[in-house]
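Q: Just so it is clear, I am handing over coords.txt, which has compact mmCIF, C-alpha atoms.
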# COMPACT_ATOMS: atom_id res chain seq x y z
CA MET Q 1 -7.61 -4.85 16.52
CA THR Q 2 -6.20 -8.29 15.66
CA GLN Q 3 -8.09 -11.58 15.78
CA THR Q 4 -7.39 -14.89 17.50
CA VAL Q 5 -5.37 -17.09 15.14
CA SER Q 6 -5.95 -20.84 15.09
CA ALA Q 7 -3.39 -23.51 14.27
CA GLU Q 8 -4.92 -23.89 10.81
CA THR Q 9 -4.65 -20.17 10.06
CA LEU Q 10 -1.62 -18.32 8.74
CA ARG Q 11 -1.28 -14.61 9.43
CA ILE Q 12 0.61 -12.80 6.65
CA ALA Q 13 1.58 -9.19 7.33
CA THR Q 14 3.60 -6.35 5.89
CA TRP Q 15 4.74 -3.13 7.49
CA ASN Q 16 6.73 -0.15 6.36
CA GLY Q 17 7.76 0.43 9.97
CA ASP Q 18 10.49 2.95 10.66
CA PHE Q 19 13.48 0.64 11.15
CA SER Q 20 15.88 2.76 9.11
CA ARG Q 21 18.44 5.25 10.35
CA LYS Q 22 20.60 7.99 8.82
CA GLY Q 23 23.85 6.03 8.89
CA PRO Q 24 25.14 2.45 8.78
CA GLY Q 25 25.13 0.69 12.15
CA LEU Q 26 22.80 3.16 13.86
CA LEU Q 27 19.82 0.80 13.82
CA LEU Q 28 21.91 -1.89 15.52
CA ARG Q 29 23.11 0.64 18.07
CA ASP Q 30 19.53 1.54 18.95
CA LEU Q 31 18.43 -2.09 19.15
CA LEU Q 32 21.27 -3.02 21.52
CA ARG Q 33 20.45 -0.25 23.96
CA ASP Q 34 18.12 -0.82 26.89
CA ASP Q 35 15.86 2.00 25.73
CA PRO Q 36 12.50 1.21 24.07
CA VAL Q 37 12.62 1.04 20.27
CA PRO Q 38 9.49 2.41 18.53
CA GLY Q 39 7.94 -0.31 16.43
CA ILE Q 40 8.67 -3.32 18.63
CA ALA Q 41 5.31 -3.08 20.41
CA THR Q 42 3.50 -2.89 17.07
CA LEU Q 43 5.28 -6.01 15.82
CA ASP Q 44 4.37 -7.86 19.02
CA ALA Q 45 0.74 -6.78 18.75
CA ALA Q 46 0.50 -8.01 15.16
CA ARG Q 47 1.22 -11.64 16.09
CA ALA Q 48 2.17 -12.41 12.50
CA ASP Q 49 3.33 -15.80 11.28
CA VAL Q 50 5.04 -14.29 8.25
CA LEU Q 51 6.06 -10.62 8.19
CA LEU Q 52 7.57 -8.55 5.38
CA LEU Q 53 9.30 -5.37 6.56
CA THR Q 54 9.86 -2.79 3.81
CA ASP Q 55 11.93 -0.14 5.60
CA VAL Q 56 14.67 -1.86 7.60
CA ASP Q 57 18.42 -1.28 7.26
CA TYR Q 58 20.41 -4.17 5.84
CA ASP Q 59 23.83 -5.47 6.84
CA ALA Q 60 25.65 -8.46 5.37
CA GLY Q 61 25.43 -10.60 8.50
CA LEU Q 62 21.79 -9.65 9.24
CA VAL Q 63 23.10 -8.52 12.62
CA ALA Q 64 20.58 -5.72 13.01
CA LEU Q 65 17.72 -7.95 11.88
CA LYS Q 66 18.70 -10.60 14.42
CA ALA Q 67 18.90 -7.93 17.12
CA LEU Q 68 15.45 -6.67 16.12
CA GLN Q 69 13.79 -10.06 16.32
CA ALA Q 70 15.54 -10.74 19.64
CA ARG Q 71 13.66 -7.77 21.09
CA LEU Q 72 10.31 -9.35 20.22
CA ALA Q 73 8.17 -11.11 22.80
CA ASN Q 74 7.85 -14.10 20.47
CA PRO Q 75 10.91 -14.14 18.16
CA PHE Q 76 10.72 -15.61 14.68
CA GLU Q 77 12.61 -18.79 13.83
CA HIS Q 78 13.45 -17.85 10.23
CA LEU Q 79 14.93 -14.63 8.85
CA PHE Q 80 15.60 -13.66 5.25
CA ALA Q 81 17.14 -10.58 3.64
CA LEU Q 82 19.41 -9.82 0.72
CA ARG Q 83 21.26 -6.63 -0.13
CA PRO Q 84 18.71 -4.16 -1.51
CA ASN Q 85 19.30 -1.67 -4.30
CA THR Q 86 18.80 1.27 -1.93
CA GLY Q 87 21.92 3.36 -1.56
CA MET Q 88 23.82 1.36 -4.20
CA PRO Q 89 25.97 3.85 -6.15
CA THR Q 90 25.45 4.31 -9.88
CA GLY Q 91 28.24 6.81 -10.63
CA VAL Q 92 25.68 8.90 -12.54
CA ASP Q 93 24.17 12.28 -11.63
CA ILE Q 94 20.63 10.98 -11.96
CA ASP Q 95 18.92 13.93 -10.27
CA GLY Q 96 20.89 16.48 -12.30
CA ASP Q 97 22.10 18.54 -9.33
CA GLY Q 98 25.69 18.59 -10.58
CA LEU Q 99 26.92 16.30 -7.81
CA LEU Q 100 27.59 12.58 -7.61
CA GLY Q 101 26.82 10.21 -4.78
CA GLY Q 102 23.61 11.76 -3.44
CA PRO Q 103 20.72 9.54 -2.30
CA ARG Q 104 18.80 10.19 -5.52
CA ASP Q 105 21.83 9.13 -7.57
CA ALA Q 106 21.68 5.61 -6.14
CA GLN Q 107 19.92 2.62 -7.68
CA GLY Q 108 17.27 3.11 -4.99
CA TYR Q 109 17.01 6.17 -2.77
CA GLY Q 110 19.44 5.90 0.12
CA TRP Q 111 22.31 7.67 1.84
CA PHE Q 112 24.22 4.42 2.27
CA SER Q 113 24.09 0.94 0.77
CA GLY Q 114 21.37 -1.07 2.46
CA GLN Q 115 19.43 1.81 3.98
CA GLY Q 116 15.72 1.07 4.15
CA GLY Q 117 15.82 -2.41 2.66
CA MET Q 118 13.43 -5.35 2.97
CA ALA Q 119 13.40 -8.36 5.28
CA ILE Q 120 11.15 -11.36 5.91
CA LEU Q 121 10.59 -12.82 9.38
CA SER Q 122 8.74 -16.12 9.50
CA ARG Q 123 7.68 -18.96 11.79
CA HIS Q 124 7.85 -21.28 8.78
CA PRO Q 125 10.89 -22.10 6.60
CA ILE Q 126 11.71 -19.65 3.79
CA THR Q 127 13.20 -20.63 0.41
CA LEU Q 128 14.22 -18.14 -2.27
CA ARG Q 129 12.56 -19.00 -5.58
CA ALA Q 130 13.73 -16.02 -7.67
CA ASP Q 131 15.48 -12.68 -7.16
CA TYR Q 132 14.86 -9.95 -9.73
CA ALA Q 133 16.63 -7.11 -7.92
CA ASP Q 134 19.41 -7.09 -10.52
CA MET Q 135 17.11 -6.77 -13.54
CA LEU Q 136 17.89 -3.69 -15.60
CA TRP Q 137 14.88 -1.43 -16.00
CA LYS Q 138 15.39 -1.24 -19.76
CA ASP Q 139 15.18 -5.05 -19.98
CA LEU Q 140 11.64 -5.32 -18.62
CA PRO Q 141 9.33 -6.34 -21.49
CA GLY Q 142 7.37 -3.27 -22.57
CA THR Q 143 9.44 -1.03 -20.29
CA ALA Q 144 8.31 2.55 -19.67
CA ILE Q 145 11.86 3.89 -19.19
CA ALA Q 146 12.48 7.01 -21.29
CA ALA Q 147 14.95 6.67 -24.15
CA ASP Q 148 16.88 9.66 -22.79
CA ASP Q 149 16.87 8.51 -19.16
CA PRO Q 150 20.16 9.64 -17.55
CA ALA Q 151 20.91 6.11 -16.32
CA HIS Q 152 19.30 4.19 -19.17
CA ALA Q 153 22.18 1.72 -19.55
CA LEU Q 154 22.53 0.80 -15.88
CA GLN Q 155 19.40 1.66 -13.91
CA LEU Q 156 18.03 -1.36 -12.08
CA LEU Q 157 14.25 -1.72 -12.08
CA SER Q 158 13.85 -2.40 -8.36
CA HIS Q 159 14.03 0.50 -5.96
CA GLY Q 160 14.51 -2.01 -3.14
CA ALA Q 161 14.11 -5.58 -4.36
CA HIS Q 162 11.74 -8.07 -5.98
CA TRP Q 163 11.94 -11.51 -4.37
CA ALA Q 164 9.76 -14.54 -4.98
CA VAL Q 165 10.05 -16.68 -1.86
CA ASP Q 166 8.37 -19.92 -0.88
CA ILE Q 167 6.95 -20.25 2.63
CA ALA Q 168 6.51 -23.82 3.86
CA TRP Q 169 2.98 -24.27 5.20
CA GLY Q 170 1.55 -27.73 5.63
CA ASP Q 171 1.53 -29.95 2.57
CA GLU Q 172 1.76 -27.10 0.06
CA PRO Q 173 3.93 -23.97 0.13
CA LEU Q 174 2.91 -20.39 -0.56
CA THR Q 175 4.91 -18.11 -2.85
CA LEU Q 176 5.23 -14.49 -1.74
CA LEU Q 177 5.91 -11.90 -4.44
CA THR Q 178 7.56 -9.13 -2.45
CA MET Q 179 8.39 -5.55 -3.32
CA ALA Q 180 8.97 -2.02 -2.02
CA ALA Q 181 8.41 0.30 -4.96
CA THR Q 182 9.60 3.79 -5.81
CA PRO Q 183 7.13 6.54 -4.81
CA PRO Q 184 5.68 7.99 -8.03
CA VAL Q 185 6.54 11.54 -6.95
CA PHE Q 186 9.65 13.69 -6.30
CA ASP Q 187 10.49 13.97 -10.00
CA GLY Q 188 9.77 16.41 -12.84
CA PRO Q 189 7.85 16.51 -16.12
CA ASP Q 190 9.76 13.41 -17.24
CA ASP Q 191 7.69 11.43 -14.69
CA ARG Q 192 10.68 9.19 -14.08
CA ASN Q 193 9.50 7.92 -10.72
CA GLY Q 194 5.95 7.45 -11.99
CA ARG Q 195 7.24 5.35 -14.89
CA ARG Q 196 9.44 3.28 -12.62
CA ASN Q 197 6.72 2.71 -10.01
CA ALA Q 198 4.37 1.36 -12.70
CA ASP Q 199 7.03 -0.99 -14.05
CA GLU Q 200 7.86 -2.25 -10.55
CA LEU Q 201 4.25 -3.41 -10.32
CA LYS Q 202 4.28 -4.70 -13.88
CA ILE Q 203 7.09 -7.19 -13.29
CA TRP Q 204 4.93 -9.30 -10.98
CA ARG Q 205 1.99 -9.18 -13.40
CA LEU Q 206 4.28 -10.48 -16.14
CA TRP Q 207 5.64 -13.10 -13.74
CA ARG Q 208 2.14 -14.37 -12.99
CA ASP Q 209 1.52 -14.52 -16.76
CA GLY Q 210 4.57 -16.81 -17.17
CA ALA Q 211 6.90 -14.28 -18.82
CA PHE Q 212 9.88 -15.40 -16.69
CA GLY Q 213 9.28 -19.14 -16.64
CA ASP Q 214 6.85 -21.62 -15.18
CA VAL Q 215 4.46 -20.30 -12.54
CA PRO Q 216 4.20 -22.60 -9.51
CA PRO Q 217 0.92 -24.49 -9.15
CA HIS Q 218 0.48 -23.52 -5.51
CA PRO Q 219 -1.03 -20.22 -4.26
CA VAL Q 220 0.77 -16.90 -4.75
CA ILE Q 221 0.50 -13.76 -2.61
CA LEU Q 222 1.48 -10.26 -3.76
CA ILE Q 223 2.75 -8.35 -0.75
CA GLY Q 224 4.61 -5.16 0.13
CA LYS Q 225 4.73 -1.44 -0.42
CA LEU Q 226 3.32 -0.91 -3.91
CA ASN Q 227 3.47 2.82 -3.15
CA ILE Q 228 0.44 3.89 -5.15
CA ASP Q 229 -3.21 4.39 -4.27
CA PRO Q 230 -5.78 3.31 -6.91
CA ASP Q 231 -8.02 6.22 -5.92
CA PRO Q 232 -7.20 9.15 -8.27
CA SER Q 233 -8.11 11.60 -5.52
CA ARG Q 234 -5.30 10.27 -3.31
CA GLY Q 235 -1.74 10.93 -4.44
CA GLU Q 236 -0.07 10.72 -7.83
CA GLY Q 237 1.13 7.98 -10.14
CA ARG Q 238 0.28 5.92 -13.21
CA ARG Q 239 -2.70 3.93 -11.98
CA GLY Q 240 -3.01 1.50 -14.88
CA GLU Q 241 -0.86 -1.17 -13.27
CA ILE Q 242 -2.37 -0.97 -9.78
CA THR Q 243 -5.82 -1.12 -11.38
CA ALA Q 244 -4.76 -4.23 -13.32
CA VAL Q 245 -3.43 -5.82 -10.12
CA LEU Q 246 -6.62 -5.18 -8.16
CA ASN Q 247 -8.81 -6.40 -11.02
CA ASP Q 248 -6.81 -9.62 -11.48
CA ALA Q 249 -9.19 -12.52 -10.83
CA ARG Q 250 -6.25 -14.65 -9.64
CA LEU Q 251 -5.90 -12.43 -6.57
CA GLN Q 252 -8.31 -11.18 -3.93
CA ASP Q 253 -8.37 -7.86 -2.11
CA PRO Q 254 -9.68 -8.28 1.44
CA LEU Q 255 -9.04 -4.64 2.38
CA SER Q 256 -10.39 -2.81 -0.64
CA GLY Q 257 -10.32 0.97 -0.21
CA ILE Q 258 -8.72 0.88 3.26
CA ALA Q 259 -6.00 3.49 3.80
CA THR Q 260 -2.70 2.12 5.11
CA ALA Q 261 -0.79 5.33 5.78
CA GLU Q 262 -1.57 8.82 7.05
CA PHE Q 263 0.70 11.54 5.68
CA GLU Q 264 0.83 15.04 7.09
CA ARG Q 265 0.29 16.74 3.72
CA ALA Q 266 -1.16 14.05 1.46
CA GLY Q 267 -3.53 12.67 4.08
CA PRO Q 268 -4.72 9.04 4.14
CA MET Q 269 -3.47 6.80 1.33
CA ARG Q 270 -3.44 3.15 0.49
CA ILE Q 271 0.08 2.11 -0.50
CA ASN Q 272 0.78 -1.12 1.46
CA TYR Q 273 -0.91 -4.34 0.36
CA VAL Q 274 -1.42 -8.03 1.09
CA LEU Q 275 -3.24 -9.55 -1.90
CA PRO Q 276 -3.76 -13.30 -1.45
CA ASP Q 277 -4.32 -15.90 -4.12
CA ALA Q 278 -8.00 -16.29 -4.92
CA ARG Q 279 -7.72 -19.99 -4.07
CA LEU Q 280 -7.02 -19.24 -0.42
CA ARG Q 281 -9.66 -18.63 2.23
CA VAL Q 282 -9.45 -15.25 3.97
CA THR Q 283 -10.73 -15.59 7.53
CA ALA Q 284 -9.93 -12.06 8.73
CA ALA Q 285 -7.98 -8.97 7.69
CA GLY Q 286 -7.17 -5.54 9.03
CA VAL Q 287 -4.69 -2.77 9.64
CA LEU Q 288 -2.84 -2.04 12.85
CA PRO Q 289 -1.97 1.61 13.61
CA PRO Q 290 1.66 2.21 14.55
CA GLU Q 291 2.66 3.13 18.06
CA PRO Q 292 3.93 6.71 18.61
CA GLY Q 293 7.30 7.29 17.00
CA ALA Q 294 7.01 4.31 14.63
CA GLY Q 295 6.19 6.21 11.46
CA VAL Q 296 3.05 6.95 9.46
CA HIS Q 297 2.37 3.52 7.97
CA GLN Q 298 -0.09 1.00 9.34
CA LEU Q 299 0.73 -2.68 9.54
CA VAL Q 300 -1.43 -4.67 7.12
CA TRP Q 301 -2.39 -8.24 8.04
CA VAL Q 302 -4.48 -11.02 6.53
CA ASP Q 303 -5.40 -14.36 8.10
CA LEU Q 304 -5.47 -17.21 5.60
CA GLY Q 305 -6.82 -20.74 5.61
CA ARG Q 306 -6.84 -23.51 3.06
CA PRO Q 307 -9.96 -23.84 0.90
Using structure tokens, write down the structure that the file contains.

A:
Amino acid sequence: MTQTVSAETLRIATWNGDFSRKGPGLLLRDLLRDDPVPGIATLDAARADVLLLTDVDYDAGLVALKALQARLANPFEHLFALRPNTGMPTGVDIDGDGLLGGPRDAQGYGWFSGQGGMAILSRHPITLRADYADMLWKDLPGTAIAADDPAHALQLLSHGAHWAVDIAWGDEPLTLLTMAATPPVFDGPDDRNGRRNADELKIWRLWRDGAFGDVPPHPVILIGKLNIDPDPSRGEGRRGEITAVLNDARLQDPLSGIATAEFERAGPMRINYVLPDARLRVTAAGVLPPEPGAGVHQLVWVDLGRP
């Protein structure tokens, strides 16, 4: 259940809602029909001021995203999305099935370019600070990529994208560090996806340490689908990076231990996060279960105030 939000409070949310389809243009088709679209009611109920979606199909004109927000009871004034790495061809048989062009041969899993990308909807202006989606995995300092990785020379680090964006809020902006990481499963003994998932978390730790330039003096929020649960009894993955994130004194974890998805086989897991700067005041936080037909992920929200 959500809380009443005052004018001095900012509600930040993320959701891996099911706004992806099996072909280009199909999401827009569904949104333009008069039929109900699963997920819209959940977005309305969240009453977010800033919302990161981590499973929404991308098109160059943001036509589908504009159609989605037009279906909302209270549409957002500002939209942001860039082409994700999902579905972007590599020309390499990464999964070793003897065929080229499959979804696992893309830079990020996807049947077509832009499938299941990211988008930000906001009631406050959005400014891109940095885009690391085109960083090669091998170029990350201390990378975990294997020397014999089949796409070593050209594999991008980001499954979807890594954007640092500034959200205007009062006298001082907030910087969101966004991501939608590779699931650390669906691979073999090489642990390729586990390695990549850990490095997708690592990039933002290095960023906060100043490895890519000056860190802004204003508060920073890590947000998105980190795709790994810190609890070793829930799911797979290399937990060193998620443990480092959650133990970072610069961030706070208002929903520690709370599951954010319910999978049929794996059960409850925590893979979606909003981790605010420790300098911010958390006034409330929670998860919102999806409506029927809107996927298995819960919407994660945090209400923030100035100190």

Q: Can you list, as a ChimeraX atom specification, every protein, DNA or RNA residue that comes within 8 Å of Q:His162 when you count all atoms listed in the file, leaving out same-chain residues fewer than 3 positions away?

A: /Q:131-133,158,177-180

Q: Could I get the residues of stretch 150-238 of chain Q with an atom no further than 12 Å from an atom of stretch 82-106 of chain Q, each paired with its nearest atom pair and that distance in Å to one decimal, using all atoms listed in the file, sorted by chain and residue number, as JSON lines?

A:
{"residue": "Q:Pro150", "atom": "CA", "partner": "Q:Ile94", "partner_atom": "CA", "distance": 5.8}
{"residue": "Q:Ala151", "atom": "CA", "partner": "Q:Ile94", "partner_atom": "CA", "distance": 6.5}
{"residue": "Q:His152", "atom": "CA", "partner": "Q:Ile94", "partner_atom": "CA", "distance": 10.0}
{"residue": "Q:Ala153", "atom": "CA", "partner": "Q:Thr90", "partner_atom": "CA", "distance": 10.5}
{"residue": "Q:Leu154", "atom": "CA", "partner": "Q:Thr90", "partner_atom": "CA", "distance": 7.5}
{"residue": "Q:Gln155", "atom": "CA", "partner": "Q:Thr90", "partner_atom": "CA", "distance": 7.7}
{"residue": "Q:Leu156", "atom": "CA", "partner": "Q:Asn85", "partner_atom": "CA", "distance": 7.9}
{"residue": "Q:Leu157", "atom": "CA", "partner": "Q:Asn85", "partner_atom": "CA", "distance": 9.3}
{"residue": "Q:Ser158", "atom": "CA", "partner": "Q:Asn85", "partner_atom": "CA", "distance": 6.8}
{"residue": "Q:His159", "atom": "CA", "partner": "Q:Asn85", "partner_atom": "CA", "distance": 5.9}
{"residue": "Q:Gly160", "atom": "CA", "partner": "Q:Asn85", "partner_atom": "CA", "distance": 4.9}
{"residue": "Q:Ala161", "atom": "CA", "partner": "Q:Pro84", "partner_atom": "CA", "distance": 5.6}
{"residue": "Q:His162", "atom": "CA", "partner": "Q:Pro84", "partner_atom": "CA", "distance": 9.2}
{"residue": "Q:Trp163", "atom": "CA", "partner": "Q:Leu82", "partner_atom": "CA", "distance": 9.2}
{"residue": "Q:Val165", "atom": "CA", "partner": "Q:Leu82", "partner_atom": "CA", "distance": 11.9}
{"residue": "Q:Met179", "atom": "CA", "partner": "Q:Pro84", "partner_atom": "CA", "distance": 10.6}
{"residue": "Q:Ala180", "atom": "CA", "partner": "Q:Pro84", "partner_atom": "CA", "distance": 10.0}
{"residue": "Q:Ala181", "atom": "CA", "partner": "Q:Thr86", "partner_atom": "CA", "distance": 10.9}
{"residue": "Q:Thr182", "atom": "CA", "partner": "Q:Thr86", "partner_atom": "CA", "distance": 10.3}
{"residue": "Q:Phe186", "atom": "CA", "partner": "Q:Arg104", "partner_atom": "CA", "distance": 9.8}
{"residue": "Q:Asp187", "atom": "CA", "partner": "Q:Asp95", "partner_atom": "CA", "distance": 8.4}
{"residue": "Q:Gly188", "atom": "CA", "partner": "Q:Asp95", "partner_atom": "CA", "distance": 9.8}
{"residue": "Q:Asp190", "atom": "CA", "partner": "Q:Asp95", "partner_atom": "CA", "distance": 11.5}
{"residue": "Q:Arg192", "atom": "CA", "partner": "Q:Asp95", "partner_atom": "CA", "distance": 10.2}
{"residue": "Q:Asn193", "atom": "CA", "partner": "Q:Arg104", "partner_atom": "CA", "distance": 10.9}

Q: Keeping C-alpha atoms for every residue in the selection just given, could you write it to a file as an mmCIF file, in the frame of the given file?

A:
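Dumped to again01.cif:
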data_model
loop_
_atom_site.group_PDB
_atom_site.id
_atom_site.type_symbol
_atom_site.label_atom_id
_atom_site.label_comp_id
_atom_site.auth_asym_id
_atom_site.auth_seq_id
_atom_site.Cartn_x
_atom_site.Cartn_y
_atom_site.Cartn_z
ATOM 1 C CA PRO Q 150 20.160 9.640 -17.550
ATOM 2 C CA ALA Q 151 20.910 6.110 -16.320
ATOM 3 C CA HIS Q 152 19.300 4.190 -19.170
ATOM 4 C CA ALA Q 153 22.180 1.720 -19.550
ATOM 5 C CA LEU Q 154 22.530 0.800 -15.880
ATOM 6 C CA GLN Q 155 19.400 1.660 -13.910
ATOM 7 C CA LEU Q 156 18.030 -1.360 -12.080
ATOM 8 C CA LEU Q 157 14.250 -1.720 -12.080
ATOM 9 C CA SER Q 158 13.850 -2.400 -8.360
ATOM 10 C CA HIS Q 159 14.030 0.500 -5.960
ATOM 11 C CA GLY Q 160 14.510 -2.010 -3.140
ATOM 12 C CA ALA Q 161 14.110 -5.580 -4.360
ATOM 13 C CA HIS Q 162 11.740 -8.070 -5.980
ATOM 14 C CA TRP Q 163 11.940 -11.510 -4.370
ATOM 15 C CA VAL Q 165 10.050 -16.680 -1.860
ATOM 16 C CA MET Q 179 8.390 -5.550 -3.320
ATOM 17 C CA ALA Q 180 8.970 -2.020 -2.020
ATOM 18 C CA ALA Q 181 8.410 0.300 -4.960
ATOM 19 C CA THR Q 182 9.600 3.790 -5.810
ATOM 20 C CA PHE Q 186 9.650 13.690 -6.300
ATOM 21 C CA ASP Q 187 10.490 13.970 -10.000
ATOM 22 C CA GLY Q 188 9.770 16.410 -12.840
ATOM 23 C CA ASP Q 190 9.760 13.410 -17.240
ATOM 24 C CA ARG Q 192 10.680 9.190 -14.080
ATOM 25 C CA ASN Q 193 9.500 7.920 -10.720
#

Q: Select, from Q:Asn247, Q:Pro217, Q:Arg234, Q:Trp15, the residue with the minimum atom-to-atom distance to Q:Arg205, counting all atoms listed in the file.

A: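 Smallest distance to Q:Arg205 is found for Q:Asn247.
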
Q: Nearest to Q:Ala60: which of Q:Lys22, Q:Ile126, Q:Gly114, Q:Leu31 is it, counting all atoms listed in the file?

A: Q:Gly114

Q: Within 8 Å of (11.8, -20.1, 0.9), in the coordinates the file gives, what residues turn up when you count only C-alpha atoms, written out as a list in words?

A: Pro125, Ile126, Thr127, Leu128, Arg129, Val165, Asp166, Ile167 and Ala168 of chain Q

Q: Which residues are near stretch 249-258 of chain Q? Cut-off 7 Å, all atoms listed in the file, ignore same chain within fewer than 4 positions. Put them as a VMD selection string.

A: chain Q and resid 270 275 to 278 285 to 286

Q: Taking all atoms listed in the file into account, name the residue in Q:Ala294, Q:Leu79, Q:Ile12, Q:Leu26 that is nearest to Q:Tyr273.

A: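 Looking at the shortest contact to Q:Tyr273, the residue is Q:Ile12.
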
Q: Looking at only C-alpha atoms, which of Q:Thr243, Q:Pro141, Q:Ala147, Q:Leu176 is the one that sits closest to Q:Leu206?

A: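 Closest to Q:Leu206 of all the choices is Q:Pro141.
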
Q: Which residue out of Q:Asp191, Q:Asp229, Q:Asp171, Q:Asp134 has the minimum interatomic distance to Q:Asp149 when all atoms listed in the file are used?

A: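 Looking only at the distances to Q:Asp149, the closest residue turns out to be Q:Asp191.
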
Q: Find the residue from Q:Ile242, Q:Ala73, Q:Leu174, Q:Val220 that sits nearest to Q:Lys202; use only C-alpha atoms when measuring.

A: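 For Q:Lys202, the nearest of the candidates is Q:Ile242.
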
Q: Between atom CA of Q:Thr9 and atom CA of Q:Ala48, what is the distance, to one decimal in Å?

A: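 According to the coordinates, atom CA of Q:Thr9 and atom CA of Q:Ala48 are separated by 10.6 Å.
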
Q: At a cut-off of 9 Å, using all atoms listed in the file, what residues contact Q:Gly235? Leave out same-chain residues fewer than 3 positions from it and give the result as a PDB file with C-alpha atoms, keeping the file's coordinate frame.

A:
ATOM      1  CA  PRO Q 184       5.680   7.990  -8.030  1.00  0.00           C
ATOM      2  CA  VAL Q 185       6.540  11.540  -6.950  1.00  0.00           C
ATOM      3  CA  ILE Q 228       0.440   3.890  -5.150  1.00  0.00           C
ATOM      4  CA  ASP Q 229      -3.210   4.390  -4.270  1.00  0.00           C
ATOM      5  CA  PRO Q 230      -5.780   3.310  -6.910  1.00  0.00           C
ATOM      6  CA  ASP Q 231      -8.020   6.220  -5.920  1.00  0.00           C
ATOM      7  CA  PRO Q 232      -7.200   9.150  -8.270  1.00  0.00           C
ATOM      8  CA  ALA Q 266      -1.160  14.050   1.460  1.00  0.00           C
ATOM      9  CA  GLY Q 267      -3.530  12.670   4.080  1.00  0.00           C
ATOM     10  CA  MET Q 269      -3.470   6.800   1.330  1.00  0.00           C
TER      11      MET Q 269
END

Q: Please compute the atom CA of Q:Val282-atom CA of Q:Leu201 distance, one decimal, in Å.

A: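 So the two atoms, atom CA of Q:Val282 and atom CA of Q:Leu201, lie 23.1 Å apart.
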
Q: Residues around (26.3, 6.0, 3.9), cut-off 9 Å, counting only C-alpha atoms - what are they as JSON, numbers by chain?

A: {"Q": [22, 23, 24, 87, 110, 111, 112, 113, 114, 115]}

Q: Would you output that residue set with C-alpha atoms, as a PDB file, in the frame of the given file?

A:
ATOM      1  CA  LYS Q  22      20.600   7.990   8.820  1.00  0.00           C
ATOM      2  CA  GLY Q  23      23.850   6.030   8.890  1.00  0.00           C
ATOM      3  CA  PRO Q  24      25.140   2.450   8.780  1.00  0.00           C
ATOM      4  CA  GLY Q  87      21.920   3.360  -1.560  1.00  0.00           C
ATOM      5  CA  GLY Q 110      19.440   5.900   0.120  1.00  0.00           C
ATOM      6  CA  TRP Q 111      22.310   7.670   1.840  1.00  0.00           C
ATOM      7  CA  PHE Q 112      24.220   4.420   2.270  1.00  0.00           C
ATOM      8  CA  SER Q 113      24.090   0.940   0.770  1.00  0.00           C
ATOM      9  CA  GLY Q 114      21.370  -1.070   2.460  1.00  0.00           C
ATOM     10  CA  GLN Q 115      19.430   1.810   3.980  1.00  0.00           C
TER      11      GLN Q 115
END

Q: Show me, as an mmCIF file with C-alpha atoms, keeping the file's coordinate frame, the residues that have an atom within 7 Å of Q:Leu10 when counting all atoms listed in the file, minus same-chain residues fewer than 4 positions from it.

A:
data_model
loop_
_atom_site.group_PDB
_atom_site.id
_atom_site.type_symbol
_atom_site.label_atom_id
_atom_site.label_comp_id
_atom_site.auth_asym_id
_atom_site.auth_seq_id
_atom_site.Cartn_x
_atom_site.Cartn_y
_atom_site.Cartn_z
ATOM 1 C CA ASP Q 49 3.330 -15.800 11.280
ATOM 2 C CA ASP Q 303 -5.400 -14.360 8.100
ATOM 3 C CA LEU Q 304 -5.470 -17.210 5.600
ATOM 4 C CA GLY Q 305 -6.820 -20.740 5.610
#
